[in-house]
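Enquirer: Just passing along the structure, written as structure tokens.
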Amino acid sequence: MWNRLRIGSGIDAHAFEEGRELWIGGVQIPFKKGLAGHSDADVLIHAVVDAILGAMGGGDIGTHFPSSDPKWAGVSSTEFLSWTRNELQRSSYELISLDVVVIAQEPKLALHIPQIRERMCELLGLSLSRLSVKATTTDFLGFVGRKEGIVAQAHCLLLAPESRD
């Protein structure tokens, strides 16, 4: 079984932008700014999609949903995650666990973590025991510390089907 385990990691960063809604993990977070991006710029979902695709050897989010394609403009990132879940199922991979962290000086996310976990598990068809969502700051260091944007990191463990070596 050990030779069937696959690890993936993903990272995404977006700057804040006035006049946009803030979406993290498929949940709208009340805040004065949103994140700049071609889609809804859900930094957490983007990192998760990259982690899963990486573990599957399936490229990255930009390969499948390029920002140069106008059809993805303003799209909910939950569509990217649903597509990724379908790819997992189609390829017979099993998502064993997912560990994510959102790095933001503001807004404070602790109160939103239970809702983010529930939404992400719903989108992925995953039990709560297989998903960890954390939030931290950079203690005012870097662009996150200057309150210019948000970063998310995701790490996943997949079990490949027996036909994969």
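Ordering of the structure tokens sets the chain letters (A, B, ...), residue numbers begin anew at 1 in every chain, and ligands are numbered from 1 in the order given.
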Name all residues at most 10 Å from A:Ser92 (count only C-alpha atoms; drop same-chain ones fewer than 2 positions away) and give them as a ChimeraX atom specification.

Expert: /A:86-90,94-95,159-164

Enquirer: Using only C-alpha atoms, which residues sit within 12 Å of stretch 9-13 of chain A once same-chain residues fewer than 3 positions away are excluded, as a ChimeraX atom specification?

Expert: /A:6,16,24,35-37,41-57,59-62,97-104,143-144,148-158

Enquirer: Could you write out the selected residues, including C-alpha atoms, as a CSV table (one decimal), in the first residue's frame?

Expert:
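Listed below is the output, again_9.csv:
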```csv
chain,number,residue,atom,x,y,z
A,6,ARG,CA,0.9,10.3,-3.2
A,16,PHE,CA,-6.5,42.7,-1.8
A,24,ILE,CA,-12.0,31.7,1.4
A,35,LEU,CA,-8.9,39.4,-3.4
A,36,ALA,CA,-7.8,40.4,-6.9
A,37,GLY,CA,-8.0,37.6,-9.5
A,41,ALA,CA,-9.7,34.6,-6.3
A,42,ASP,CA,-10.5,32.0,-3.5
A,43,VAL,CA,-6.9,31.6,-2.4
A,44,LEU,CA,-7.6,28.5,-0.3
A,45,ILE,CA,-9.5,26.6,-3.0
A,46,HIS,CA,-6.8,27.4,-5.5
A,47,ALA,CA,-4.1,26.0,-3.2
A,48,VAL,CA,-6.2,22.8,-2.6
A,49,VAL,CA,-6.7,22.3,-6.3
A,50,ASP,CA,-3.0,22.6,-6.9
A,51,ALA,CA,-2.2,20.2,-4.1
A,52,ILE,CA,-4.6,17.5,-5.4
A,53,LEU,CA,-3.6,17.9,-9.0
A,54,GLY,CA,0.1,17.7,-8.0
A,55,ALA,CA,-0.4,14.5,-6.1
A,56,MET,CA,-2.2,13.0,-9.1
A,57,GLY,CA,0.5,14.2,-11.5
A,59,GLY,CA,-0.5,19.7,-13.7
A,60,ASP,CA,-1.7,22.8,-11.9
A,61,ILE,CA,-4.7,25.0,-11.7
A,62,GLY,CA,-3.4,27.3,-14.4
A,97,SER,CA,-6.3,13.8,4.2
A,98,LEU,CA,-6.0,17.4,3.5
A,99,ASP,CA,-4.2,20.0,5.7
A,100,VAL,CA,-4.5,23.7,4.8
A,101,VAL,CA,-3.4,27.0,6.3
A,102,VAL,CA,-4.5,30.5,5.4
A,103,ILE,CA,-1.9,33.2,6.1
A,104,ALA,CA,-3.6,36.6,6.6
A,143,PHE,CA,3.1,41.7,2.0
A,144,VAL,CA,0.7,39.7,4.2
A,148,GLU,CA,-1.8,43.8,1.2
A,149,GLY,CA,-3.1,40.2,0.6
A,150,ILE,CA,-3.5,36.6,1.7
A,151,VAL,CA,-1.6,33.4,1.1
A,152,ALA,CA,-2.9,29.8,1.4
A,153,GLN,CA,-1.0,26.5,1.5
A,154,ALA,CA,-2.4,23.1,1.1
A,155,HIS,CA,-1.0,19.6,1.6
A,156,CYS,CA,-2.8,16.4,0.7
A,157,LEU,CA,-2.3,12.7,0.9
A,158,LEU,CA,-3.9,10.5,-1.9
```

Enquirer: Taking the DSSP secondary structure from the backbone, can you list the residues of chain A that are strand (DSSP E), as an MDAnalysis selection string?

Expert: chainID A and resid 5:18 22:24 27:29 33:35 94:103 131:136 149:159

Enquirer: Taking only C-alpha atoms into account, which of A:Ile7, A:Glu21, A:Ser132, A:Val27 comes nearest A:Ile116?

Expert: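 For A:Ile116, the nearest of the given residues is A:Val27.
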
Enquirer: Have a look at atom CA of A:Arg130 and atom CA of A:Ile96 and let me know their distance in Å, one decimal.

Expert: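 Result for atom CA of A:Arg130 versus atom CA of A:Ile96: 6.7 Å, one decimal.
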
Enquirer: Quick one: pull the distance between atom CA of A:Glu17 and atom CA of A:Gly34, Å, one decimal.

Expert: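 These two atoms are separated by 5.4 Å.
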
Enquirer: Write out as a list of chain:residue names which residues come within 8 Å of A:Phe80 when counting only C-alpha atoms, dropping same-chain ones fewer than 2 positions away.

Expert: A:Ile45, A:His46, A:Val49, A:Phe65, A:Ser76, A:Ser77, A:Thr78, A:Ser82, A:Trp83, A:Thr84

Enquirer: Got a sec to tell me which of chain A DSSP assigns to helix (DSSP H, G or I), as a count of residues only?

Expert: 59

Enquirer: Compare A:Pro114, A:Gly19, A:Gly25, A:Gly58 by their minimum atom-to-atom distance to A:Tyr93, counting only C-alpha atoms, and give me the closest one.

Expert: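 Nearest candidate to A:Tyr93 out of A:Pro114, A:Gly19, A:Gly25, A:Gly58: A:Gly58.
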
Enquirer: Enter the distance from atom CA of A:Ser39 to atom CA of A:Met120, in Å, rounded to one decimal.

Expert: 17.7 Å

Enquirer: Which one is closest to A:Gly74: A:Thr137, A:Gly145, A:Gln115, A:Asp40? Count only C-alpha atoms.

Expert: A:Asp40
